[in-house]
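> Provided below: input22.cif, containing mmCIF, C-alpha atoms.
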```cif
data_target
loop_
_atom_site.group_PDB
_atom_site.id
_atom_site.type_symbol
_atom_site.label_atom_id
_atom_site.label_comp_id
_atom_site.auth_asym_id
_atom_site.auth_seq_id
_atom_site.Cartn_x
_atom_site.Cartn_y
_atom_site.Cartn_z
ATOM 1 C CA MET G 1 -2.865 -12.824 16.152
ATOM 2 C CA THR G 2 -2.769 -9.907 18.549
ATOM 3 C CA ARG G 3 0.357 -11.076 20.294
ATOM 4 C CA PRO G 4 3.505 -9.103 19.520
ATOM 5 C CA HIS G 5 5.716 -10.635 16.896
ATOM 6 C CA PRO G 6 8.548 -12.643 18.531
ATOM 7 C CA ARG G 7 11.953 -11.000 18.580
ATOM 8 C CA ARG G 8 14.183 -13.432 16.713
ATOM 9 C CA HIS G 9 17.237 -11.211 16.565
ATOM 10 C CA ALA G 10 18.259 -7.671 17.369
ATOM 11 C CA ARG G 11 20.936 -5.187 16.562
ATOM 12 C CA ARG G 12 23.730 -5.445 19.069
ATOM 13 C CA ALA G 13 24.556 -2.334 21.063
ATOM 14 C CA ALA G 14 27.116 -1.465 23.708
ATOM 15 C CA ALA G 15 26.211 -2.891 27.095
ATOM 16 C CA ALA G 16 27.322 0.180 29.030
ATOM 17 C CA LEU G 17 28.347 3.780 28.493
ATOM 18 C CA ALA G 18 31.660 4.806 30.016
ATOM 19 C CA LEU G 19 31.869 8.406 31.230
ATOM 20 C CA VAL G 20 35.399 9.765 31.385
ATOM 21 C CA ALA G 21 36.127 12.597 33.800
ATOM 22 C CA VAL G 22 38.863 14.921 32.550
ATOM 23 C CA SER G 23 40.973 16.567 35.249
ATOM 24 C CA VAL G 24 42.526 19.963 34.552
ATOM 25 C CA GLY G 25 45.755 20.961 36.321
ATOM 26 C CA CYS G 26 49.050 22.753 35.782
ATOM 27 C CA SER G 27 52.727 21.918 36.196
ATOM 28 C CA GLY G 28 55.925 23.943 36.222
ATOM 29 C CA ASN G 29 59.596 23.833 37.104
ATOM 30 C CA ALA G 30 60.275 22.948 40.716
ATOM 31 C CA SER G 31 63.424 23.431 42.755
ATOM 32 C CA THR G 32 64.438 22.219 46.151
ATOM 33 C CA SER G 33 66.467 24.166 48.682
ATOM 34 C CA SER G 34 67.681 23.572 52.169
ATOM 35 C CA GLY G 35 67.331 27.291 52.916
ATOM 36 C CA PRO G 36 64.255 29.168 53.964
ATOM 37 C CA SER G 37 61.356 29.329 51.533
ATOM 38 C CA GLN G 38 60.984 32.460 49.490
ATOM 39 C CA GLU G 39 57.734 34.446 49.293
ATOM 40 C CA PRO G 40 56.225 34.215 45.771
ATOM 41 C CA THR G 41 56.761 37.189 43.567
ATOM 42 C CA GLY G 42 54.910 38.373 40.476
ATOM 43 C CA THR G 43 51.237 38.250 39.587
ATOM 44 C CA PRO G 44 49.218 35.434 41.192
ATOM 45 C CA THR G 45 47.604 32.965 38.788
ATOM 46 C CA SER G 46 44.351 31.060 39.344
ATOM 47 C CA VAL G 47 43.919 27.340 38.637
ATOM 48 C CA ALA G 48 40.563 26.022 37.406
ATOM 49 C CA SER G 49 38.814 23.392 39.500
ATOM 50 C CA PRO G 50 38.548 19.923 37.970
ATOM 51 C CA THR G 51 35.374 19.562 35.884
ATOM 52 C CA THR G 52 33.313 16.555 34.819
ATOM 53 C CA LYS G 53 31.341 16.322 31.602
ATOM 54 C CA PRO G 54 27.610 15.930 32.259
ATOM 55 C CA PRO G 55 26.262 12.527 31.196
ATOM 56 C CA PRO G 56 24.565 12.449 27.788
ATOM 57 C CA ARG G 57 20.829 12.919 27.870
ATOM 58 C CA PRO G 58 18.675 9.853 27.199
ATOM 59 C CA PRO G 59 16.815 9.824 23.866
ATOM 60 C CA ARG G 60 13.378 11.401 24.097
ATOM 61 C CA PRO G 61 10.287 9.211 23.837
ATOM 62 C CA PRO G 62 8.716 8.859 20.374
ATOM 63 C CA ASP G 63 5.519 10.689 19.495
ATOM 64 C CA VAL G 64 2.132 9.014 19.706
ATOM 65 C CA GLY G 65 0.349 9.326 16.357
ATOM 66 C CA ALA G 66 3.510 8.967 14.263
ATOM 67 C CA CYS G 67 3.532 6.825 11.115
ATOM 68 C CA ARG G 68 6.391 4.855 9.583
ATOM 69 C CA ARG G 69 7.002 2.706 6.528
ATOM 70 C CA LEU G 70 8.505 -0.401 8.131
ATOM 71 C CA ASP G 71 9.267 -3.661 6.360
ATOM 72 C CA TYR G 72 8.555 -7.064 7.859
ATOM 73 C CA ALA G 73 12.143 -7.615 9.016
ATOM 74 C CA ALA G 74 11.992 -4.524 11.237
ATOM 75 C CA ILE G 75 9.461 -6.053 13.616
ATOM 76 C CA SER G 76 11.910 -8.758 14.699
ATOM 77 C CA HIS G 77 14.316 -6.163 16.096
ATOM 78 C CA TYR G 78 14.341 -4.893 19.662
ATOM 79 C CA SER G 79 14.776 -1.270 18.546
ATOM 80 C CA ASN G 80 13.800 0.816 15.557
ATOM 81 C CA ALA G 81 14.973 4.232 14.407
ATOM 82 C CA ASP G 82 13.210 4.500 11.029
ATOM 83 C CA ALA G 83 12.127 8.018 10.141
ATOM 84 C CA THR G 84 8.482 8.976 10.400
ATOM 85 C CA VAL G 85 6.371 9.695 7.311
ATOM 86 C CA SER G 86 3.177 11.617 6.802
ATOM 87 C CA CYS G 87 0.173 9.584 7.903
ATOM 88 C CA ALA G 88 -1.557 10.827 4.741
ATOM 89 C CA ALA G 89 0.982 8.797 2.739
ATOM 90 C CA PRO G 90 1.096 4.972 2.604
ATOM 91 C CA HIS G 91 2.515 3.582 5.853
ATOM 92 C CA THR G 92 2.778 0.192 7.551
ATOM 93 C CA ALA G 93 3.185 1.152 11.231
ATOM 94 C CA TYR G 94 1.345 3.561 13.510
ATOM 95 C CA THR G 95 2.478 4.463 17.027
ATOM 96 C CA PHE G 96 -0.679 4.273 19.119
ATOM 97 C CA ALA G 97 0.885 4.387 22.603
ATOM 98 C CA VAL G 98 4.144 4.942 24.474
ATOM 99 C CA ARG G 99 4.578 3.072 27.742
ATOM 100 C CA THR G 100 7.301 2.919 30.388
ATOM 101 C CA ILE G 101 8.967 -0.177 31.829
ATOM 102 C CA PRO G 102 7.387 -0.536 35.319
ATOM 103 C CA ALA G 103 9.435 0.519 38.339
ATOM 104 C CA ASN G 104 9.361 -3.000 39.790
ATOM 105 C CA VAL G 105 11.303 -4.377 36.795
ATOM 106 C CA SER G 106 15.077 -4.205 37.224
ATOM 107 C CA VAL G 107 16.706 -2.072 34.505
ATOM 108 C CA SER G 108 20.170 -1.245 35.873
ATOM 109 C CA GLY G 109 22.836 -2.930 33.769
ATOM 110 C CA VAL G 110 20.215 -5.099 32.037
ATOM 111 C CA SER G 111 20.136 -5.916 28.327
ATOM 112 C CA ILE G 112 17.067 -4.781 26.401
ATOM 113 C CA GLY G 113 16.771 -8.393 25.251
ATOM 114 C CA ASN G 114 16.358 -9.585 28.832
ATOM 115 C CA ARG G 115 13.185 -11.639 29.232
ATOM 116 C CA SER G 116 11.792 -9.519 32.071
ATOM 117 C CA ILE G 117 12.248 -6.362 29.981
ATOM 118 C CA GLN G 118 10.663 -7.953 26.917
ATOM 119 C CA ASP G 119 7.748 -9.383 28.896
ATOM 120 C CA ALA G 120 7.060 -5.996 30.514
ATOM 121 C CA ALA G 121 7.193 -4.250 27.123
ATOM 122 C CA SER G 122 4.860 -6.824 25.573
ATOM 123 C CA ARG G 123 2.335 -6.669 28.416
ATOM 124 C CA GLY G 124 2.169 -2.881 28.364
ATOM 125 C CA CYS G 125 1.520 -2.689 24.633
ATOM 126 C CA ARG G 126 -0.954 -5.580 24.566
ATOM 127 C CA LYS G 127 -2.906 -3.995 27.392
ATOM 128 C CA ALA G 128 -3.129 -0.710 25.491
ATOM 129 C CA PHE G 129 -3.916 -2.344 22.142
ATOM 130 C CA GLY G 130 -7.439 -3.562 22.884
ATOM 131 C CA GLY G 131 -8.633 -0.176 24.094
ATOM 132 C CA PHE G 132 -7.173 1.533 21.044
ATOM 133 C CA ILE G 133 -8.122 -0.793 18.189
ATOM 134 C CA GLY G 134 -11.578 -1.663 19.547
ATOM 135 C CA GLY G 135 -13.703 -4.721 18.902
ATOM 136 C CA SER G 136 -14.086 -7.756 21.134
ATOM 137 C CA SER G 137 -11.301 -10.198 21.960
ATOM 138 C CA ALA G 138 -12.750 -12.492 19.265
ATOM 139 C CA ASP G 139 -12.692 -9.624 16.722
ATOM 140 C CA ARG G 140 -9.036 -9.014 17.508
ATOM 141 C CA ALA G 141 -8.271 -12.731 17.155
ATOM 142 C CA LEU G 142 -9.926 -12.653 13.702
ATOM 143 C CA SER G 143 -7.898 -9.648 12.560
ATOM 144 C CA ARG G 144 -4.513 -9.450 10.880
ATOM 145 C CA LEU G 145 -3.972 -6.178 12.691
ATOM 146 C CA SER G 146 -1.406 -6.811 15.372
ATOM 147 C CA VAL G 147 0.723 -4.977 17.904
ATOM 148 C CA THR G 148 4.491 -4.836 17.930
ATOM 149 C CA TYR G 149 6.791 -2.854 20.179
ATOM 150 C CA PHE G 150 10.235 -1.252 20.230
ATOM 151 C CA LEU G 151 12.625 -0.162 22.976
ATOM 152 C CA PRO G 152 15.385 2.440 22.729
ATOM 153 C CA ASP G 153 18.716 0.994 21.667
ATOM 154 C CA GLN G 154 20.956 -0.374 24.405
ATOM 155 C CA ARG G 155 22.980 2.825 24.773
ATOM 156 C CA GLY G 156 19.852 4.938 25.163
ATOM 157 C CA PHE G 157 18.380 2.416 27.599
ATOM 158 C CA ASN G 158 21.552 2.582 29.705
ATOM 159 C CA ARG G 159 21.259 6.381 29.775
ATOM 160 C CA GLY G 160 17.811 6.117 31.348
ATOM 161 C CA ALA G 161 15.370 5.919 28.416
ATOM 162 C CA HIS G 162 13.004 3.166 29.538
ATOM 163 C CA TRP G 163 10.074 3.874 27.237
ATOM 164 C CA VAL G 164 8.345 1.342 24.992
ATOM 165 C CA ARG G 165 6.955 2.322 21.579
ATOM 166 C CA CYS G 166 3.726 0.455 20.746
ATOM 167 C CA ASP G 167 2.945 0.180 17.021
ATOM 168 C CA VAL G 168 0.021 -1.264 15.067
ATOM 169 C CA VAL G 169 0.982 -3.308 12.000
ATOM 170 C CA ALA G 170 -1.046 -5.403 9.530
ATOM 171 C CA LEU G 171 0.324 -8.824 8.583
ATOM 172 C CA LYS G 172 -0.371 -9.096 4.863
ATOM 173 C CA THR G 173 1.346 -12.477 4.471
ATOM 174 C CA PHE G 174 3.760 -14.546 6.530
ATOM 175 C CA ASN G 175 6.632 -12.242 5.539
ATOM 176 C CA ALA G 176 5.135 -8.902 4.487
ATOM 177 C CA LEU G 177 3.300 -5.980 6.062
ATOM 178 C CA ALA G 178 0.298 -4.261 4.500
ATOM 179 C CA ALA G 179 -0.539 -0.579 4.282
ATOM 180 C CA LEU G 180 -2.693 0.553 7.183
ATOM 181 C CA PRO G 181 -6.051 2.355 7.093
ATOM 182 C CA ARG G 182 -5.863 6.092 7.666
ATOM 183 C CA ASP G 183 -8.104 6.011 10.759
ATOM 184 C CA LEU G 184 -7.158 3.188 13.132
ATOM 185 C CA GLU G 185 -8.652 4.230 16.455
ATOM 186 C CA ARG G 186 -11.549 1.847 17.312
ATOM 187 C CA PHE G 187 -11.171 0.418 13.807
ATOM 188 C CA LEU G 188 -12.447 -3.041 14.773
ATOM 189 C CA ASP G 189 -15.719 -1.536 16.030
ATOM 190 C CA LYS G 190 -16.666 -1.082 12.371
ATOM 191 C CA PRO G 191 -18.781 -3.978 10.998
ATOM 192 C CA ALA G 192 -16.850 -4.215 7.706
ATOM 193 C CA SER G 193 -13.348 -3.949 9.194
ATOM 194 C CA LEU G 194 -12.586 -7.670 8.792
ATOM 195 C CA GLU G 195 -13.550 -7.783 5.118
ATOM 196 C CA ALA G 196 -10.050 -6.709 4.153
ATOM 197 C CA TYR G 197 -8.094 -7.077 7.396
ATOM 198 C CA GLY G 198 -9.507 -10.434 8.510
ATOM 199 C CA VAL G 199 -7.651 -13.759 8.792
ATOM 200 C CA CYS G 200 -7.658 -15.989 5.723
ATOM 201 C CA THR G 201 -5.559 -18.907 4.426
ATOM 202 C CA THR G 202 -4.085 -19.770 1.047
ATOM 203 C CA GLY G 203 -5.098 -23.442 1.386
ATOM 204 C CA GLU G 204 -6.830 -25.873 3.691
ATOM 205 C CA PRO G 205 -6.503 -24.529 7.255
ATOM 206 C CA GLY G 206 -3.826 -26.365 9.210
ATOM 207 C CA ALA G 207 -2.211 -27.950 6.146
ATOM 208 C CA PRO G 208 1.605 -27.619 6.058
ATOM 209 C CA SER G 209 1.538 -25.821 2.718
ATOM 210 C CA SER G 210 -1.209 -23.378 3.748
ATOM 211 C CA ARG G 211 -0.303 -19.855 4.858
ATOM 212 C CA LEU G 212 -2.163 -17.221 6.824
ATOM 213 C CA VAL G 213 -2.871 -14.101 4.770
ATOM 214 C CA MET G 214 -4.951 -10.968 4.965
ATOM 215 C CA CYS G 215 -8.395 -11.442 3.425
ATOM 216 C CA ALA G 216 -7.886 -8.509 1.041
ATOM 217 C CA GLY G 217 -5.697 -10.808 -1.057
ATOM 218 C CA LYS G 218 -6.356 -14.108 -2.824
ATOM 219 C CA HIS G 219 -7.371 -16.814 -0.353
ATOM 220 C CA ALA G 220 -9.029 -20.215 -0.076
ATOM 221 C CA TYR G 221 -10.643 -20.056 3.384
ATOM 222 C CA ARG G 222 -11.804 -17.255 5.656
ATOM 223 C CA ALA G 223 -11.872 -17.445 9.449
ATOM 224 C CA LEU G 224 -15.557 -16.857 10.082
ATOM 225 C CA ALA G 225 -15.446 -17.135 13.861
ATOM 226 C CA ALA G 226 -12.969 -17.328 16.724
ATOM 227 C CA LEU G 227 -14.465 -19.517 19.451
ATOM 228 C CA ARG G 228 -12.987 -19.185 22.937
ATOM 229 C CA LEU G 229 -11.950 -22.490 24.488
ATOM 230 C CA GLY G 230 -11.100 -21.295 27.978
ATOM 231 C CA ALA G 231 -10.260 -18.415 30.271
ATOM 232 C CA GLU G 232 -6.762 -16.950 30.458
ATOM 233 C CA SER G 233 -6.063 -18.872 33.667
ATOM 234 C CA ALA G 234 -7.638 -22.145 32.480
ATOM 235 C CA ARG G 235 -5.714 -25.336 31.863
ATOM 236 C CA TYR G 236 -5.548 -26.825 28.381
ATOM 237 C CA PRO G 237 -9.014 -28.311 27.737
ATOM 238 C CA GLY G 238 -7.658 -31.471 26.125
ATOM 239 C CA ARG G 239 -7.890 -32.723 22.561
ATOM 240 C CA ALA G 240 -11.452 -34.004 22.959
ATOM 241 C CA ALA G 241 -12.791 -30.594 23.997
ATOM 242 C CA ALA G 242 -10.587 -28.647 21.610
ATOM 243 C CA GLY G 243 -10.970 -31.068 18.697
ATOM 244 C CA PRO G 244 -14.298 -32.905 18.098
ATOM 245 C CA GLU G 245 -16.317 -30.795 20.521
ATOM 246 C CA GLY G 246 -14.921 -27.591 19.048
ATOM 247 C CA GLN G 247 -15.632 -28.817 15.545
ATOM 248 C CA GLN G 248 -19.263 -29.417 16.488
ATOM 249 C CA ARG G 249 -19.490 -25.889 17.865
ATOM 250 C CA CYS G 250 -18.050 -24.621 14.596
ATOM 251 C CA SER G 251 -20.492 -26.646 12.485
ATOM 252 C CA THR G 252 -23.449 -25.317 14.463
ATOM 253 C CA TYR G 253 -22.152 -21.748 14.236
ATOM 254 C CA ILE G 254 -21.755 -21.839 10.452
ATOM 255 C CA ALA G 255 -25.135 -23.474 9.888
ATOM 256 C CA ASP G 256 -26.809 -20.813 12.024
ATOM 257 C CA THR G 257 -24.885 -18.009 10.335
ATOM 258 C CA LEU G 258 -25.610 -19.179 6.779
ATOM 259 C CA GLY G 259 -29.119 -20.379 7.554
ATOM 260 C CA THR G 260 -28.528 -23.747 5.902
ATOM 261 C CA ASN G 261 -27.341 -27.236 6.846
ATOM 262 C CA GLY G 262 -25.408 -27.965 3.671
ATOM 263 C CA GLY G 263 -23.819 -26.731 0.480
ATOM 264 C CA TYR G 264 -20.618 -25.415 2.036
ATOM 265 C CA THR G 265 -17.167 -26.606 3.148
ATOM 266 C CA PHE G 266 -15.762 -25.638 6.521
ATOM 267 C CA GLY G 267 -12.733 -26.357 8.666
ATOM 268 C CA TRP G 268 -11.791 -26.212 12.340
ATOM 269 C CA THR G 269 -8.378 -25.539 13.854
ATOM 270 C CA TYR G 270 -7.522 -25.326 17.524
ATOM 271 C CA PRO G 271 -4.480 -24.518 19.663
ATOM 272 C CA THR G 272 -1.915 -27.134 20.596
ATOM 273 C CA VAL G 273 -0.607 -27.485 24.143
ATOM 274 C CA SER G 274 2.333 -25.197 23.283
ATOM 275 C CA ASP G 275 -0.024 -22.644 21.664
ATOM 276 C CA TRP G 276 -2.111 -22.684 24.838
ATOM 277 C CA ALA G 277 0.974 -22.114 26.975
ATOM 278 C CA ALA G 278 1.795 -19.111 24.767
ATOM 279 C CA GLY G 279 -1.634 -17.574 25.468
ATOM 280 C CA GLN G 280 -3.766 -18.724 22.517
ATOM 281 C CA ARG G 281 -7.326 -19.340 23.736
ATOM 282 C CA PHE G 282 -9.311 -19.431 20.488
ATOM 283 C CA GLY G 283 -10.182 -22.113 17.990
ATOM 284 C CA TYR G 284 -10.895 -20.965 14.428
ATOM 285 C CA CYS G 285 -13.956 -21.807 12.390
ATOM 286 C CA TRP G 286 -13.158 -21.573 8.652
ATOM 287 C CA LEU G 287 -15.449 -21.298 5.641
ATOM 288 C CA LYS G 288 -14.215 -22.164 2.162
ATOM 289 C CA SER G 289 -14.271 -19.105 -0.059
ATOM 290 C CA ALA G 290 -14.954 -18.753 -3.760
ATOM 291 C CA ARG G 291 -12.376 -15.960 -3.958
#
```
Using the file provided, produce a representation of the structure as structure tokens.


Amino acid sequence: MTRPHPRRHARRAAAALALVAVSVGCSGNASTSSGPSQEPTGTPTSVASPTTKPPPRPPRPPDVGACRRLDYAAISHYSNADATVSCAAPHTAYTFAVRTIPANVSVSGVSIGNRSIQDAASRGCRKAFGGFIGGSSADRALSRLSVTYFLPDQRGFNRGAHWVRCDVVALKTFNALAALPRDLERFLDKPASLEAYGVCTTGEPGAPSSRLVMCAGKHAYRALAALRLGAESARYPGRAAAGPEGQQRCSTYIADTLGTNGGYTFGWTYPTVSDWAAGQRFGYCWLKSAR
């Protein structure tokens, strides 16, 4: 939910920038003679020293606070050069931070798609996201607000631009972005923030035909709670702890929240082993909605 969207493909860029030094010289008619050399006559001429073009400057970092109207396909690219728009107008991306690839990560001659570069970019933006968007880790897990990131293109990266642009986006559906609220800083601290931007499904949670959507749209179930199943460093708790035991936790939570022991339909979903390996630590407690 708050993890950056995976980069499935990217625009290809040149792997290196060749700098060509242009030498300046002169040539003339030459003659050879077995006799003594003659002193030069006429006006002396000067010859310019060889010069080298300075390397192109790296692209400047983007501005924090800039808004853009990105489409869903843009967030699967390593780089993005879409023009900014007024934040007073509808927009789907907001630059909340600009980070730099750490000095201990090798960047010389490295592709921007390199795993170490991508991991460093992801970590930097995820670390900044929580402090910006607010709420608890459970609030962020229950939100369709997510963080994505962009690097300069390969040519700019090779020139020395090693910044990372961190953007907030809202996942409206599985293949579309939603317009963002005007004021995003500490947005998830607001009690009603998840009414529209919460996690919902179009069908029974976990069913193959069901899709995650933003709760502002038509939906069948709402994620009422995100229940942590372990610490970041913990091993996978196993299906018994994640499944039946988690479902009991969910049932108790909903009964306490609604103040009743019946008259509702709920669901429980939990991470698989591969989800856990990818960093997912929450199970989701779903309540069937009349909407």

> Show which residues sit within 12 Å of Gln248 (chain G), as number ranges by chain. Count all atoms listed in the file, and ignore same-chain residues fewer than 2 positions away.

G: 227, 240-246, 250-255, 266-269, 283, 285

> Generate a file of the selected residues that holds C-alpha atoms, formatted as a short mmCIF file (atom, residue, chain, number, x, y, z; two decimals), in the coordinates of the input.


```cif
data_model
loop_
_atom_site.label_atom_id
_atom_site.label_comp_id
_atom_site.auth_asym_id
_atom_site.auth_seq_id
_atom_site.Cartn_x
_atom_site.Cartn_y
_atom_site.Cartn_z
CA LEU G 227 -14.46 -19.52 19.45
CA ALA G 240 -11.45 -34.00 22.96
CA ALA G 241 -12.79 -30.59 24.00
CA ALA G 242 -10.59 -28.65 21.61
CA GLY G 243 -10.97 -31.07 18.70
CA PRO G 244 -14.30 -32.90 18.10
CA GLU G 245 -16.32 -30.80 20.52
CA GLY G 246 -14.92 -27.59 19.05
CA CYS G 250 -18.05 -24.62 14.60
CA SER G 251 -20.49 -26.65 12.48
CA THR G 252 -23.45 -25.32 14.46
CA TYR G 253 -22.15 -21.75 14.24
CA ILE G 254 -21.76 -21.84 10.45
CA ALA G 255 -25.14 -23.47 9.89
CA PHE G 266 -15.76 -25.64 6.52
CA GLY G 267 -12.73 -26.36 8.67
CA TRP G 268 -11.79 -26.21 12.34
CA THR G 269 -8.38 -25.54 13.85
CA GLY G 283 -10.18 -22.11 17.99
CA CYS G 285 -13.96 -21.81 12.39
#
```

> Between G:Pro90, G:Pro56, G:Gly65, G:Gly160, which residue has the minimum interatomic distance to Phe132 (chain G), considering only C-alpha atoms?

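Closest candidate: G:Gly65.
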
> Using the chain letters and numbers from this file, what does the PyMOL selection byres ((chain G and resi 118) around 12) select? Give the answer as an MDAnalysis selection string.

chainID G and resid 4:7 77:79 100:102 105:107 110:117 119:125 148:151 162:164

> Could you please determine the separation between CA of Ala179 (chain G) and CA of Tyr72 (chain G) in Å, to one decimal place?

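That distance, rounded to one decimal, is 11.7 Å.
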
> Can you work out which one of G:Ala225, G:Ile133, G:Val168, G:Cys215 has the shortest atom-to-atom distance to Ser146 (chain G), counting only C-alpha atoms?

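That would be G:Val168, the residue with the smallest distance to Ser146 (chain G).
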
> Using the chain letters and numbering of this document, enumerate as a ChimeraX atom specification the residues selected by the PyMOL selection byres ((chain G and resi 216-222) around 10).

/G:142,172-173,178,194-205,210-215,223-225,265-267,284-291

> Suppose a student applies the PyMOL selection byres ((chain G and resi 186) around 10) to this structure; what residues should they get, written as a ChimeraX atom specification?

/G:129-135,183-185,187-190

> Calculate how many Å separate CA of Gly230 (chain G) from CA of Tyr264 (chain G), rounding to one decimal.

27.9 Å

> From the set G:Ala234, G:Ala97, G:Ala128, G:Ala103, which residue has the shortest atom-to-atom contact distance to Cys166 (chain G), counting only C-alpha atoms?

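Closest candidate: G:Ala97.
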
> For CA of Thr272 (chain G) and CA of Arg235 (chain G), determine how far apart the two atoms are, in Å to one decimal place.

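Going from CA of Thr272 (chain G) over to CA of Arg235 (chain G), I get 12.0 Å.
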
> In terms of the shortest atom-to-atom distance over only C-alpha atoms, which of G:Arg60, G:Arg281, G:Lys53, G:Arg140 is closest to Gly156 (chain G)?

G:Arg60

> Using all atoms listed in the file, can you tell me which of G:Arg249, G:Tyr236, G:Ala66, G:Ala207 comes closest to Ala278 (chain G)?

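Smallest separation from Ala278 (chain G) among the options: G:Tyr236.
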
> Build an axis-aligned box that encloses every atom of region 267-280 of chain G listed in the file, pad it by 5 Å on each side, and report its centre and edge lengths in Å to one decimal, as lines of an AutoDock Vina configuration file.


```
center_x = -5.2
center_y = -22.5
center_z = 17.8
size_x = 25.1
size_y = 19.9
size_z = 28.3
```
